[in-house]
$ cat coords_19.json   # JSON, C-alpha atoms and all ligand atoms
[["chain", "number", "residue", "atom", "x", "y", "z"],
["I", 249, "MET", "CA", -37.63, -55.02, 24.87],
["I", 250, "ASN", "CA", -37.33, -54.85, 21.10],
["I", 251, "ILE", "CA", -39.74, -55.34, 18.24],
["I", 252, "VAL", "CA", -38.94, -59.08, 18.02],
["I", 253, "ASP", "CA", -39.90, -59.45, 21.70],
["I", 254, "TYR", "CA", -43.23, -57.72, 21.08],
["I", 255, "PHE", "CA", -43.93, -59.95, 18.09],
["I", 256, "THR", "CA", -43.12, -63.06, 20.12],
["I", 257, "ILE", "CA", -45.38, -61.85, 22.94],
["I", 258, "TRP", "CA", -48.23, -61.35, 20.45],
["I", 259, "ARG", "CA", -47.73, -64.85, 19.01],
["I", 260, "ARG", "CA", -47.67, -66.44, 22.44],
["I", 261, "ILE", "CA", -50.88, -64.67, 23.54],
["I", 262, "LEU", "CA", -52.48, -65.93, 20.32],
["I", 263, "LYS", "CA", -51.43, -69.47, 21.20],
["I", 264, "ARG", "CA", -52.45, -69.05, 24.90],
["I", 265, "LYS", "CA", -48.90, -69.60, 26.09],
["I", 266, "PRO", "CA", -47.34, -67.89, 29.14],
["I", 267, "ILE", "CA", -45.48, -64.62, 28.60],
["I", 268, "GLY", "CA", -44.89, -63.44, 32.15],
["I", 269, "PHE", "CA", -45.26, -63.94, 35.87],
["I", 270, "SER", "CA", -47.14, -62.44, 38.75],
["I", 271, "ILE", "CA", -45.34, -63.22, 41.98],
["I", 272, "ASP", "CA", -46.62, -62.69, 45.53],
["I", 273, "ILE", "CA", -43.18, -62.22, 47.02],
["I", 274, "THR", "CA", -44.61, -61.49, 50.48],
["I", 275, "HIS", "CA", -47.86, -61.59, 52.45],
["I", 276, "SER", "CA", -46.76, -58.78, 54.73],
["I", 277, "CYS", "CA", -47.71, -55.17, 54.18],
["I", 278, "THR", "CA", -47.08, -51.71, 55.57],
["I", 279, "LEU", "CA", -50.84, -51.01, 55.48],
["I", 280, "SER", "CA", -53.91, -52.83, 56.71],
["I", 281, "CYS", "CA", -56.72, -52.17, 54.24],
["I", 282, "GLN", "CA", -60.09, -53.54, 55.32],
["I", 283, "THR", "CA", -60.75, -55.59, 52.21],
["I", 284, "CYS", "CA", -57.24, -57.02, 51.77],
["I", 285, "TYR", "CA", -57.30, -60.75, 51.03],
["I", 286, "MET", "CA", -53.59, -61.11, 51.82],
["I", 287, "LYS", "CA", -54.36, -61.00, 55.55],
["I", 288, "TRP", "CA", -55.60, -64.59, 55.26],
["I", 289, "TYR", "CA", -52.08, -65.72, 54.40],
["I", 290, "GLN", "CA", -49.96, -63.65, 56.81],
["I", 291, "GLY", "CA", -47.73, -65.81, 58.98],
["I", 292, "LEU", "CA", -47.34, -68.53, 56.32],
["I", 293, "PRO", "CA", -43.76, -69.24, 55.18],
["I", 294, "GLU", "CA", -42.26, -67.34, 52.21],
["I", 295, "LEU", "CA", -39.55, -68.46, 49.80],
["I", 296, "THR", "CA", -36.04, -67.04, 50.03],
["I", 297, "ALA", "CA", -34.43, -65.29, 47.04],
["I", 298, "LYS", "CA", -32.39, -68.45, 46.38],
["I", 299, "ASP", "CA", -35.55, -70.59, 46.29],
["I", 300, "TRP", "CA", -37.26, -68.08, 44.01],
["I", 301, "LYS", "CA", -34.35, -68.18, 41.63],
["I", 302, "LYS", "CA", -34.73, -71.95, 41.36],
["I", 303, "VAL", "CA", -38.50, -71.77, 40.83],
["I", 304, "ILE", "CA", -38.40, -68.96, 38.24],
["I", 305, "SER", "CA", -35.42, -70.38, 36.34],
["I", 306, "SER", "CA", -37.23, -73.69, 35.97],
["I", 307, "TYR", "CA", -39.48, -71.92, 33.40],
["I", 308, "HIS", "CA", -38.19, -71.38, 29.86],
["I", 309, "GLU", "CA", -37.09, -67.82, 29.11],
["I", 310, "ASN", "CA", -40.02, -67.45, 26.66],
["I", 311, "HIS", "CA", -42.24, -67.51, 29.76],
["I", 312, "ARG", "CA", -40.25, -64.66, 31.26],
["I", 313, "TYR", "CA", -40.81, -61.54, 29.20],
["I", 314, "TYR", "CA", -41.95, -59.76, 32.33],
["I", 315, "GLY", "CA", -42.23, -60.31, 36.04],
["I", 316, "ALA", "CA", -44.89, -58.50, 38.07],
["I", 317, "TRP", "CA", -43.94, -58.38, 41.75],
["I", 318, "THR", "CA", -46.89, -58.12, 44.10],
["I", 319, "GLY", "CA", -47.80, -58.83, 47.72],
["I", 320, "GLY", "CA", -48.59, -57.67, 50.34],
["I", 321, "GLU", "CA", -46.10, -54.86, 49.88],
["I", 322, "PRO", "CA", -43.36, -56.27, 47.62],
["I", 323, "LEU", "CA", -40.83, -53.56, 48.54],
["I", 324, "LEU", "CA", -40.63, -55.07, 52.03],
["I", 325, "ARG", "CA", -38.47, -57.59, 50.16],
["I", 326, "ALA", "CA", -36.69, -55.07, 47.94],
["I", 327, "GLY", "CA", -33.27, -56.64, 48.59],
["I", 328, "ASP", "CA", -34.49, -60.03, 47.31],
["I", 329, "ILE", "CA", -36.33, -58.56, 44.32],
["I", 330, "LYS", "CA", -33.15, -56.77, 43.30],
["I", 331, "LYS", "CA", -31.40, -60.17, 43.12],
["I", 332, "LEU", "CA", -34.15, -61.58, 40.87],
["I", 333, "ILE", "CA", -35.17, -58.87, 38.39],
["I", 334, "HIS", "CA", -32.48, -59.95, 35.92],
["I", 335, "LEU", "CA", -34.50, -63.14, 35.32],
["I", 336, "PHE", "CA", -37.04, -61.07, 33.34],
["I", 337, "LYS", "CA", -36.74, -58.73, 30.38],
["I", 338, "TRP", "CA", -38.99, -56.24, 32.13],
["I", 339, "ASN", "CA", -40.37, -55.93, 35.66],
["I", 340, "TRP", "CA", -43.34, -54.25, 37.28],
["I", 341, "ILE", "CA", -43.50, -53.64, 40.99],
["I", 342, "ALA", "CA", -47.10, -53.23, 42.20],
["I", 343, "THR", "CA", -46.64, -51.16, 45.34],
["I", 344, "ASN", "CA", -48.77, -49.15, 47.77],
["I", 345, "GLY", "CA", -46.11, -46.39, 47.60],
["I", 346, "THR", "CA", -45.48, -46.15, 51.35],
["I", 347, "LEU", "CA", -41.82, -47.16, 51.05],
["I", 348, "GLU", "CA", -39.12, -45.36, 49.14],
["I", 349, "LEU", "CA", -38.91, -46.55, 45.51],
["I", 350, "PRO", "CA", -35.52, -47.87, 44.46],
["I", 351, "HIS", "CA", -33.84, -46.72, 41.23],
["I", 352, "TRP", "CA", -33.51, -49.91, 39.19],
["I", 353, "ASP", "CA", -33.09, -50.46, 35.45],
["I", 354, "ASN", "CA", -35.74, -52.50, 33.58],
["I", 355, "VAL", "CA", -38.38, -51.84, 36.28],
["I", 356, "SER", "CA", -41.63, -49.83, 36.26],
["I", 357, "PHE", "CA", -43.45, -48.99, 39.48],
["I", 358, "LEU", "CA", -47.24, -49.26, 39.54],
["I", 359, "VAL", "CA", -48.64, -47.45, 42.57],
["I", 360, "SER", "CA", -52.18, -48.16, 43.79],
["I", 361, "ILE", "CA", -54.20, -45.02, 44.45],
["I", 362, "ASP", "CA", -57.85, -45.14, 45.53],
["I", 363, "GLY", "CA", -58.88, -41.56, 44.75],
["I", 364, "ASN", "CA", -58.14, -38.11, 46.10],
["I", 365, "GLU", "CA", -56.43, -37.65, 49.48],
["I", 366, "GLU", "CA", -59.62, -37.99, 51.50],
["I", 367, "ILE", "CA", -60.86, -41.19, 49.82],
["I", 368, "HIS", "CA", -57.41, -42.76, 49.70],
["I", 369, "ASN", "CA", -56.74, -42.20, 53.41],
["I", 370, "LYS", "CA", -60.24, -43.44, 54.28],
["I", 371, "GLN", "CA", -59.54, -46.70, 52.45],
["I", 372, "ARG", "CA", -55.94, -47.26, 53.47],
["I", 373, "GLY", "CA", -55.24, -45.22, 56.60],
["I", 374, "GLU", "CA", -53.27, -41.95, 56.78],
["I", 375, "CYS", "CA", -50.62, -42.60, 54.14],
["I", 376, "TRP", "CA", -51.27, -40.06, 51.35],
["I", 377, "SER", "CA", -48.51, -37.56, 52.15],
["I", 378, "ASN", "CA", -45.99, -40.36, 52.46],
["I", 379, "ILE", "CA", -46.96, -41.73, 49.04],
["I", 380, "VAL", "CA", -46.89, -38.29, 47.37],
["I", 381, "ARG", "CA", -43.32, -37.92, 48.62],
["I", 382, "HIS", "CA", -42.28, -41.24, 47.05],
["I", 383, "ILE", "CA", -43.98, -41.25, 43.65],
["I", 384, "ARG", "CA", -41.73, -40.15, 40.79],
["I", 385, "ASP", "CA", -42.42, -39.05, 37.25],
["I", 386, "ASP", "CA", -41.47, -42.52, 35.93],
["I", 387, "CYS", "CA", -44.28, -44.28, 37.91],
["I", 388, "PHE", "CA", -47.75, -45.32, 36.82],
["I", 389, "ILE", "CA", -50.88, -44.98, 38.98],
["I", 390, "ILE", "CA", -53.29, -47.91, 39.23],
["I", 391, "TYR", "CA", -56.88, -46.86, 40.06],
["I", 392, "ASP", "CA", -59.34, -49.63, 40.88],
["I", 393, "ILE", "CA", -62.85, -48.17, 40.51],
["I", 394, "THR", "CA", -65.22, -49.11, 43.36],
["I", 395, "GLN", "CA", -68.42, -47.75, 44.92],
["I", 396, "LEU", "CA", -66.23, -45.40, 46.99],
["I", 397, "ASN", "CA", -64.38, -43.67, 44.15],
["I", 398, "LYS", "CA", -66.61, -44.02, 41.05],
["I", 399, "ASP", "CA", -67.94, -40.43, 41.08],
["I", 400, "GLU", "CA", -66.86, -37.75, 38.63],
["I", 401, "LYS", "CA", -65.36, -35.45, 41.29],
["I", 402, "THR", "CA", -63.08, -38.13, 42.74],
["I", 403, "ILE", "CA", -61.94, -39.52, 39.39],
["I", 404, "THR", "CA", -61.34, -36.02, 37.97],
["I", 405, "GLU", "CA", -59.45, -34.75, 41.03],
["I", 406, "THR", "CA", -57.24, -37.84, 40.99],
["I", 407, "VAL", "CA", -56.35, -37.47, 37.32],
["I", 408, "GLN", "CA", -55.73, -33.73, 37.76],
["I", 409, "PHE", "CA", -53.49, -34.29, 40.77],
["I", 410, "TRP", "CA", -51.28, -36.98, 39.23],
["I", 411, "HIS", "CA", -51.10, -35.55, 35.73],
["I", 412, "LYS", "CA", -47.53, -34.17, 35.35],
["I", 413, "ARG", "CA", -46.47, -35.96, 38.57],
["I", 414, "CYS", "CA", -46.15, -39.43, 36.95],
["I", 415, "ARG", "CA", -46.21, -41.21, 33.58],
["I", 416, "GLY", "CA", -49.84, -42.27, 33.42],
["I", 417, "ILE", "CA", -52.90, -43.71, 35.10],
["I", 418, "ILE", "CA", -54.41, -47.14, 34.44],
["I", 419, "PHE", "CA", -58.03, -47.73, 35.42],
["I", 420, "GLY", "CA", -59.67, -51.05, 36.21],
["I", 421, "PHE", "CA", -62.82, -52.09, 38.05],
["I", 422, "TYR", "CA", -63.05, -53.81, 41.39],
["I", 423, "THR", "CA", -63.15, -57.60, 40.93],
["I", 424, "PRO", "CA", -64.94, -59.42, 43.76],
["I", 425, "ALA", "CA", -64.49, -62.80, 45.41],
["I", 426, "LYS", "CA", -67.34, -65.32, 44.96],
["I", 427, "GLN", "CA", -68.61, -64.55, 48.48],
["I", 428, "ASP", "CA", -68.02, -60.80, 48.29],
["I", 429, "THR", "CA", -69.65, -58.75, 51.05],
["I", 430, "SER", "CA", -67.53, -55.60, 50.66],
["I", 431, "GLY", "CA", -70.21, -53.50, 48.93],
["I", 432, "LEU", "CA", -67.52, -52.17, 46.57],
["I", 433, "LEU", "CA", -68.68, -53.88, 43.37],
["I", 434, "LEU", "CA", -70.12, -51.75, 40.54],
["I", 435, "SER", "CA", -73.02, -52.94, 38.39],
["I", 436, "SER", "CA", -72.51, -53.08, 34.64],
["I", 437, "GLU", "CA", -74.45, -49.79, 34.29],
["I", 438, "GLU", "CA", -72.28, -48.10, 36.93],
["I", 439, "ARG", "CA", -69.15, -49.30, 35.14],
["I", 440, "LYS", "CA", -70.46, -47.79, 31.89],
["I", 441, "ALA", "CA", -71.12, -44.46, 33.68],
["I", 442, "ALA", "CA", -67.52, -44.44, 34.96],
["I", 443, "VAL", "CA", -66.26, -45.11, 31.43],
["I", 444, "GLY", "CA", -68.25, -42.05, 30.30],
["I", 445, "ILE", "CA", -66.45, -39.90, 32.90],
["I", 446, "ILE", "CA", -63.05, -41.22, 31.80],
["I", 447, "LYS", "CA", -63.93, -40.64, 28.14],
["I", 448, "GLY", "CA", -64.47, -36.95, 28.95],
["I", 449, "LEU", "CA", -61.15, -36.79, 30.79],
["I", 450, "LYS", "CA", -59.32, -38.46, 27.93],
["I", 451, "ASN", "CA", -60.24, -35.49, 25.73],
["I", 452, "ARG", "CA", -58.31, -33.28, 28.17],
["I", 453, "TYR", "CA", -55.53, -35.55, 29.39],
["I", 454, "GLY", "CA", -55.01, -37.73, 26.30],
["I", 455, "GLY", "CA", -52.40, -40.45, 26.59],
["I", 456, "PHE", "CA", -51.87, -39.79, 30.30],
["I", 457, "ILE", "CA", -54.87, -42.12, 30.70],
["I", 458, "ILE", "CA", -53.31, -45.34, 29.47],
["I", 459, "ASN", "CA", -56.52, -47.32, 28.87],
["I", 460, "SER", "CA", -58.34, -46.92, 25.56],
["I", 461, "ILE", "CA", -62.09, -46.36, 25.83],
["I", 462, "ARG", "CA", -62.70, -49.60, 23.94],
["I", 463, "GLN", "CA", -60.68, -51.48, 26.52],
["I", 464, "LEU", "CA", -62.66, -49.94, 29.41],
["I", 465, "GLN", "CA", -65.93, -50.70, 27.62],
["I", 466, "LEU", "CA", -64.85, -54.34, 27.39],
["I", 467, "CYS", "CA", -64.21, -54.28, 31.15],
["I", 468, "CYS", "CA", -67.93, -53.56, 31.65],
["I", 469, "HIS", "CA", -69.23, -56.89, 30.42],
["I", 470, "THR", "CA", -66.73, -59.54, 29.35],
["I", 471, "PRO", "CA", -66.92, -62.76, 31.33],
["I", 472, "TRP", "CA", -63.90, -64.69, 30.10],
["I", 473, "GLY", "CA", -64.33, -68.12, 31.65],
["I", 474, "ASP", "CA", -61.57, -70.52, 30.54],
["I", 475, "ASP", "CA", -60.67, -68.20, 27.69],
["I", 476, "CYS", "CA", -59.16, -65.46, 29.86],
["I", 477, "PRO", "CA", -55.85, -64.27, 28.35],
["I", 478, "ALA", "CA", -54.53, -63.33, 31.81],
["I", 479, "GLY", "CA", -55.40, -66.76, 33.21],
["I", 480, "ASN", "CA", -53.79, -68.49, 30.21],
["I", 481, "CYS", "CA", -50.72, -66.34, 29.67],
["I", 482, "ILE", "CA", -49.59, -65.15, 33.12],
["I", 483, "VAL", "CA", -48.04, -67.60, 35.58],
["I", 484, "GLY", "CA", -49.40, -66.60, 39.02],
["I", 485, "LEU", "CA", -47.30, -67.80, 41.96],
["I", 486, "ASP", "CA", -48.09, -67.51, 45.67],
["I", 487, "ALA", "CA", -45.46, -66.76, 48.32],
["I", 488, "GLN", "CA", -44.55, -70.46, 48.49],
["I", 489, "GLY", "CA", -43.92, -70.54, 44.74],
["I", 490, "LYS", "CA", -47.10, -72.57, 44.09],
["I", 491, "LEU", "CA", -49.30, -71.91, 41.06],
["I", 492, "LYS", "CA", -52.38, -69.75, 41.64],
["I", 493, "LYS", "CA", -55.44, -70.51, 39.53],
["I", 494, "PRO", "CA", -57.39, -69.21, 37.67],
["I", 495, "CYS", "CA", -55.05, -66.20, 37.96],
["I", 496, "VAL", "CA", -53.11, -64.12, 40.45],
["I", 497, "MET", "CA", -56.36, -63.25, 42.24],
["I", 498, "GLY", "CA", -56.60, -66.84, 43.49],
["I", 499, "PRO", "CA", -59.27, -69.54, 43.59],
["I", 500, "GLU", "CA", -61.94, -67.47, 45.37],
["I", 501, "VAL", "CA", -62.20, -64.82, 42.65],
["I", 502, "ASP", "CA", -65.47, -64.42, 40.72],
["I", 503, "CYS", "CA", -64.39, -64.41, 37.06],
["I", 504, "SER", "CA", -67.94, -63.64, 35.89],
["I", 505, "LEU", "CA", -67.63, -60.16, 37.46],
["I", 506, "CYS", "CA", -64.00, -59.50, 36.53],
["I", 507, "GLY", "CA", -63.15, -55.84, 35.97],
["I", 508, "CYS", "CA", -59.40, -56.28, 35.69],
["I", 509, "ALA", "CA", -57.75, -54.23, 32.93],
["I", 510, "VAL", "CA", -55.09, -56.86, 32.18],
["I", 511, "PRO", "CA", -57.07, -59.48, 30.19],
["I", 512, "GLN", "CA", -58.66, -56.69, 28.13],
["I", 513, "PHE", "CA", -55.23, -55.26, 27.26],
["I", 514, "MET", "CA", -54.06, -58.73, 26.25],
["I", 515, "TYR", "CA", -57.19, -59.45, 24.22],
["I", 516, "LEU", "CA", -56.77, -56.18, 22.29],
["I", 517, "VAL", "CA", -53.06, -56.77, 21.74],
["I", 518, "LYS", "CA", -53.95, -60.22, 20.38],
["I", 519, "SER", "CA", -56.50, -58.54, 18.06],
["I", 520, "LEU", "CA", -53.78, -56.16, 16.80],
["I", 521, "ASP", "CA", -55.52, -53.10, 18.29],
["I", 522, "ILE", "CA", -52.92, -50.42, 17.67],
["I", 523, "ARG", "CA", -53.79, -48.32, 20.76],
["I", 524, "ALA", "CA", -53.48, -51.33, 23.05],
["I", 525, "ILE", "CA", -50.16, -52.31, 21.44],
["I", 526, "LEU", "CA", -48.75, -48.79, 21.92],
["I", 527, "SER", "CA", -49.99, -48.66, 25.54],
["I", 528, "SER", "CA", -48.41, -52.03, 26.29],
["I", 529, "MET", "CA", -45.13, -50.83, 24.81],
["I", 530, "ARG", "CA", -45.25, -47.78, 27.10],
["I", 531, "ILE", "CA", -45.69, -49.82, 30.27],
["I", 532, "LEU", "CA", -43.01, -52.29, 29.22],
["I", 533, "SER", "CA", -40.32, -49.66, 28.75],
["I", 534, "ARG", "CA", -39.12, -46.30, 29.98],
["A", 601, "LIG", "S1", -51.88, -52.12, 50.41],
["A", 601, "LIG", "FE1", -52.59, -53.90, 49.26],
["A", 601, "LIG", "S2", -51.56, -55.65, 50.18],
["A", 601, "LIG", "FE2", -51.38, -53.93, 51.62],
["A", 601, "LIG", "S3", -53.08, -54.19, 53.06],
["A", 601, "LIG", "FE3", -53.75, -52.80, 51.42],
["A", 601, "LIG", "S4", -54.74, -54.14, 49.87],
["A", 601, "LIG", "FE4", -53.49, -55.44, 51.23],
["A", 602, "LIG", "S1", -60.41, -62.98, 37.61],
["A", 602, "LIG", "FE1", -60.35, -61.91, 35.66],
["A", 602, "LIG", "S2", -58.19, -61.92, 35.12],
["A", 602, "LIG", "FE2", -58.45, -63.52, 36.66],
["A", 602, "LIG", "S3", -58.82, -65.40, 35.48],
["A", 602, "LIG", "FE3", -60.81, -64.54, 36.05],
["A", 602, "LIG", "S4", -61.39, -63.33, 34.24],
["A", 602, "LIG", "FE4", -59.18, -63.67, 34.13]]

$ encode --input "coords_19.json" --output "structure tokens"
Amino acid sequence: MNIVDYFTIWRRILKRKPIGFSIDITHSCTLSCQTCYMKWYQGLPELTAKDWKKVISSYHENHRYYGAWTGGEPLLRAGDIKKLIHLFKWNWIATNGTLELPHWDNVSFLVSIDGNEEIHNKQRGECWSNIVRHIRDDCFIIYDITQLNKDEKTITETVQFWHKRCRGIIFGFYTPAKQDTSGLLLSSEERKAAVGIIKGLKNRYGGFIINSIRQLQLCCHTPWGDDCPAGNCIVGLDAQGKLKKPCVMGPEVDCSLCGCAVPQFMYLVKSLDIRAILSSMRILSR
């Protein structure tokens, strides 16, 4: 992407217009995490690459600055994604890291990690060593903070382990469904305590931690309602190509407790926050 693209993205966020997609290309997964909401959809039909091309191309190219490919495990449909990535200027693949990562141009891999080896395997089953083998130095780690991994030891060990093994780590907070019974949700005070831990780590690891502290602080207490930049500017599609509302997390999500990093990034980019702009440029390029 070039500077004109970034300017256009900024203008479109300001005007609440779509800039990218989040696509559930599959419901299937290589893992079976206890709290996964995708299990509800497994067995439902999924679009073919040809159908996806029709759906995505029906949107103007100004809607297609980036495509985020999610699932399930999107790399189960790697062959189809490869046929479709040219429809976007940049692509993110949100993967659990259990499958080998392809070498594609204009693609960044975002790998979900739940903590150190012990915590990660407890949450997702014995998959850590497999993931460590696959993650490359051009990947980003996504760390969703929950009751199970909010402590200083786990956060610190995770940052220490991945520092120098990949490009950066992006923190967010667990966002619950309206009827959440998982016990994973953090209170606002617990979120603030986690931000304090990350602030300390940022002094040591600097830009490896992609979030700014301001952005994480906003994640502690910003109910967006209808004003959510992610809800307004990202087209969320389910595996049948149908629109997901209010956002990619689907109709059951509780927006009042949202801890997702994405709307905060977009809000700060819209406000011309220089750190957020530079971070966005990093994750939209190599
Ligand atoms: S890795 Fe993600 S999609 Fe797969 S089972 Fe776990 S939460 Fe669900
Ligand atoms: S869950 Fe979060 S990101 Fe999604 S629409 Fe609600 S506030 Fe926005």

$ atom_distance --input "coords_19.json" --atom1 "atom CA of I:Trp376" --atom2 "atom CA of I:Ser533"
26.9 Å

$ residues_near_ligand --input "coords_19.json" --ligand "ligand LIG 601 (chain A)" --cutoff "8 Å" --atoms "all atoms listed in the file" --output "ChimeraX atom specification"
/I:275-287,319-321,343-344,360,372

$ residues_around --input "coords_19.json" --residues "I:Asp299" --least-positions-apart "3" --cutoff "12 Å" --atoms "only C-alpha atoms" --output "ChimeraX atom specification"
/I:273,294-296,302-306,328,331-332,487-490

$ write_last_selection --input "coords_19.json" --atoms "C-alpha atoms" --output "PDB file, in the coordinates of the input"
ATOM      1  CA  ILE I 273     -43.180 -62.220  47.020  1.00  0.00           C
ATOM      2  CA  GLU I 294     -42.260 -67.340  52.210  1.00  0.00           C
ATOM      3  CA  LEU I 295     -39.550 -68.460  49.800  1.00  0.00           C
ATOM      4  CA  THR I 296     -36.040 -67.040  50.030  1.00  0.00           C
ATOM      5  CA  LYS I 302     -34.730 -71.950  41.360  1.00  0.00           C
ATOM      6  CA  VAL I 303     -38.500 -71.770  40.830  1.00  0.00           C
ATOM      7  CA  ILE I 304     -38.400 -68.960  38.240  1.00  0.00           C
ATOM      8  CA  SER I 305     -35.420 -70.380  36.340  1.00  0.00           C
ATOM      9  CA  SER I 306     -37.230 -73.690  35.970  1.00  0.00           C
ATOM     10  CA  ASP I 328     -34.490 -60.030  47.310  1.00  0.00           C
ATOM     11  CA  LYS I 331     -31.400 -60.170  43.120  1.00  0.00           C
ATOM     12  CA  LEU I 332     -34.150 -61.580  40.870  1.00  0.00           C
ATOM     13  CA  ALA I 487     -45.460 -66.760  48.320  1.00  0.00           C
ATOM     14  CA  GLN I 488     -44.550 -70.460  48.490  1.00  0.00           C
ATOM     15  CA  GLY I 489     -43.920 -70.540  44.740  1.00  0.00           C
ATOM     16  CA  LYS I 490     -47.100 -72.570  44.090  1.00  0.00           C
TER      17      LYS I 490
END

$ axis_aligned_box --input "coords_19.json" --around "ligand LIG 602 (chain A)" --padding-each-side "3 Å" --output "lines of an AutoDock Vina configuration file"
center_x = -59.8
center_y = -63.7
center_z = 35.9
size_x = 9.2
size_y = 9.5
size_z = 9.5

$ closest_atom_pairs --input "coords_19.json" --of "chain I" --to "ligand LIG 602 (chain A)" --cutoff "10 Å" --atoms "all atoms listed in the file" --output "JSON lines"
{"residue": "I:Thr423", "atom": "CA", "partner": "A:LIG602", "partner_atom": "S1", "distance": 6.9}
{"residue": "I:Pro424", "atom": "CA", "partner": "A:LIG602", "partner_atom": "S1", "distance": 8.4}
{"residue": "I:Ala425", "atom": "CA", "partner": "A:LIG602", "partner_atom": "S1", "distance": 8.8}
{"residue": "I:Cys467", "atom": "CA", "partner": "A:LIG602", "partner_atom": "FE1", "distance": 9.7}
{"residue": "I:Thr470", "atom": "CA", "partner": "A:LIG602", "partner_atom": "S4", "distance": 8.2}
{"residue": "I:Pro471", "atom": "CA", "partner": "A:LIG602", "partner_atom": "S4", "distance": 6.3}
{"residue": "I:Trp472", "atom": "CA", "partner": "A:LIG602", "partner_atom": "S4", "distance": 5.0}
{"residue": "I:Gly473", "atom": "CA", "partner": "A:LIG602", "partner_atom": "S4", "distance": 6.2}
{"residue": "I:Asp474", "atom": "CA", "partner": "A:LIG602", "partner_atom": "S3", "distance": 7.6}
{"residue": "I:Asp475", "atom": "CA", "partner": "A:LIG602", "partner_atom": "FE4", "distance": 8.0}
{"residue": "I:Cys476", "atom": "CA", "partner": "A:LIG602", "partner_atom": "FE4", "distance": 4.6}
{"residue": "I:Pro477", "atom": "CA", "partner": "A:LIG602", "partner_atom": "FE4", "distance": 6.7}
{"residue": "I:Ala478", "atom": "CA", "partner": "A:LIG602", "partner_atom": "S2", "distance": 5.1}
{"residue": "I:Gly479", "atom": "CA", "partner": "A:LIG602", "partner_atom": "S3", "distance": 4.3}
{"residue": "I:Asn480", "atom": "CA", "partner": "A:LIG602", "partner_atom": "S3", "distance": 7.9}
{"residue": "I:Cys481", "atom": "CA", "partner": "A:LIG602", "partner_atom": "FE4", "distance": 9.9}
{"residue": "I:Ile482", "atom": "CA", "partner": "A:LIG602", "partner_atom": "S2", "distance": 9.4}
{"residue": "I:Gly484", "atom": "CA", "partner": "A:LIG602", "partner_atom": "FE2", "distance": 9.8}
{"residue": "I:Lys492", "atom": "CA", "partner": "A:LIG602", "partner_atom": "S3", "distance": 9.9}
{"residue": "I:Lys493", "atom": "CA", "partner": "A:LIG602", "partner_atom": "S3", "distance": 7.3}
{"residue": "I:Pro494", "atom": "CA", "partner": "A:LIG602", "partner_atom": "S3", "distance": 4.6}
{"residue": "I:Cys495", "atom": "CA", "partner": "A:LIG602", "partner_atom": "FE2", "distance": 4.5}
{"residue": "I:Val496", "atom": "CA", "partner": "A:LIG602", "partner_atom": "FE2", "distance": 6.6}
{"residue": "I:Met497", "atom": "CA", "partner": "A:LIG602", "partner_atom": "FE2", "distance": 6.0}
{"residue": "I:Gly498", "atom": "CA", "partner": "A:LIG602", "partner_atom": "FE2", "distance": 7.8}
{"residue": "I:Pro499", "atom": "CA", "partner": "A:LIG602", "partner_atom": "S1", "distance": 8.9}
{"residue": "I:Glu500", "atom": "CA", "partner": "A:LIG602", "partner_atom": "S1", "distance": 9.1}
{"residue": "I:Val501", "atom": "CA", "partner": "A:LIG602", "partner_atom": "S1", "distance": 5.7}
{"residue": "I:Asp502", "atom": "CA", "partner": "A:LIG602", "partner_atom": "S1", "distance": 6.1}
{"residue": "I:Cys503", "atom": "CA", "partner": "A:LIG602", "partner_atom": "FE3", "distance": 3.7}
{"residue": "I:Ser504", "atom": "CA", "partner": "A:LIG602", "partner_atom": "S4", "distance": 6.8}
{"residue": "I:Leu505", "atom": "CA", "partner": "A:LIG602", "partner_atom": "FE1", "distance": 7.7}
{"residue": "I:Cys506", "atom": "CA", "partner": "A:LIG602", "partner_atom": "FE1", "distance": 4.5}
{"residue": "I:Gly507", "atom": "CA", "partner": "A:LIG602", "partner_atom": "FE1", "distance": 6.7}
{"residue": "I:Cys508", "atom": "CA", "partner": "A:LIG602", "partner_atom": "FE1", "distance": 5.7}
{"residue": "I:Ala509", "atom": "CA", "partner": "A:LIG602", "partner_atom": "S2", "distance": 8.0}
{"residue": "I:Val510", "atom": "CA", "partner": "A:LIG602", "partner_atom": "S2", "distance": 6.6}
{"residue": "I:Pro511", "atom": "CA", "partner": "A:LIG602", "partner_atom": "S2", "distance": 5.6}
{"residue": "I:Gln512", "atom": "CA", "partner": "A:LIG602", "partner_atom": "S2", "distance": 8.7}

$ closest_atom_pairs --input "coords_19.json" --of "stretch 302-364 of chain I" --to "stretch 249-254 of chain I" --cutoff "10 Å" --atoms "all atoms listed in the file" --output "Markdown table"
| residue | atom | partner | partner_atom | distance |
| --- | --- | --- | --- | --- |
| I:Asn310 | CA | I:Asp253 | CA | 9.4 |
| I:Tyr313 | CA | I:Asp253 | CA | 7.8 |
| I:Tyr314 | CA | I:Met249 | CA | 9.8 |
| I:Lys337 | CA | I:Met249 | CA | 6.7 |
| I:Trp338 | CA | I:Met249 | CA | 7.5 |
| I:Asn354 | CA | I:Met249 | CA | 9.3 |

$ closest_residue --input "coords_19.json" --among "I:Leu335, I:Leu464, I:Leu516, I:Val443" --to "I:Ser528" --atoms "all atoms listed in the file"
I:Leu516

$ closest_residue --input "coords_19.json" --among "I:Thr346, I:Ser270, I:Asn397, I:Ser435" --to "I:Gly315" --atoms "only C-alpha atoms"
I:Ser270

$ closest_residue --input "coords_19.json" --among "I:Ser377, I:Asp385, I:Glu437, I:Asn364" --to "I:Thr406" --atoms "only C-alpha atoms"
I:Asn364

$ residues_near_point --input "coords_19.json" --point "(-29.9, -54.8, 44.0)" --cutoff "12 Å" --atoms "all atoms listed in the file" --output "PyMOL selection string"
chain I and resi 297+323+325-334+350-353+355

$ atom_distance --input "coords_19.json" --atom1 "atom CA of I:Phe513" --atom2 "atom CA of I:His368"
25.8 Å
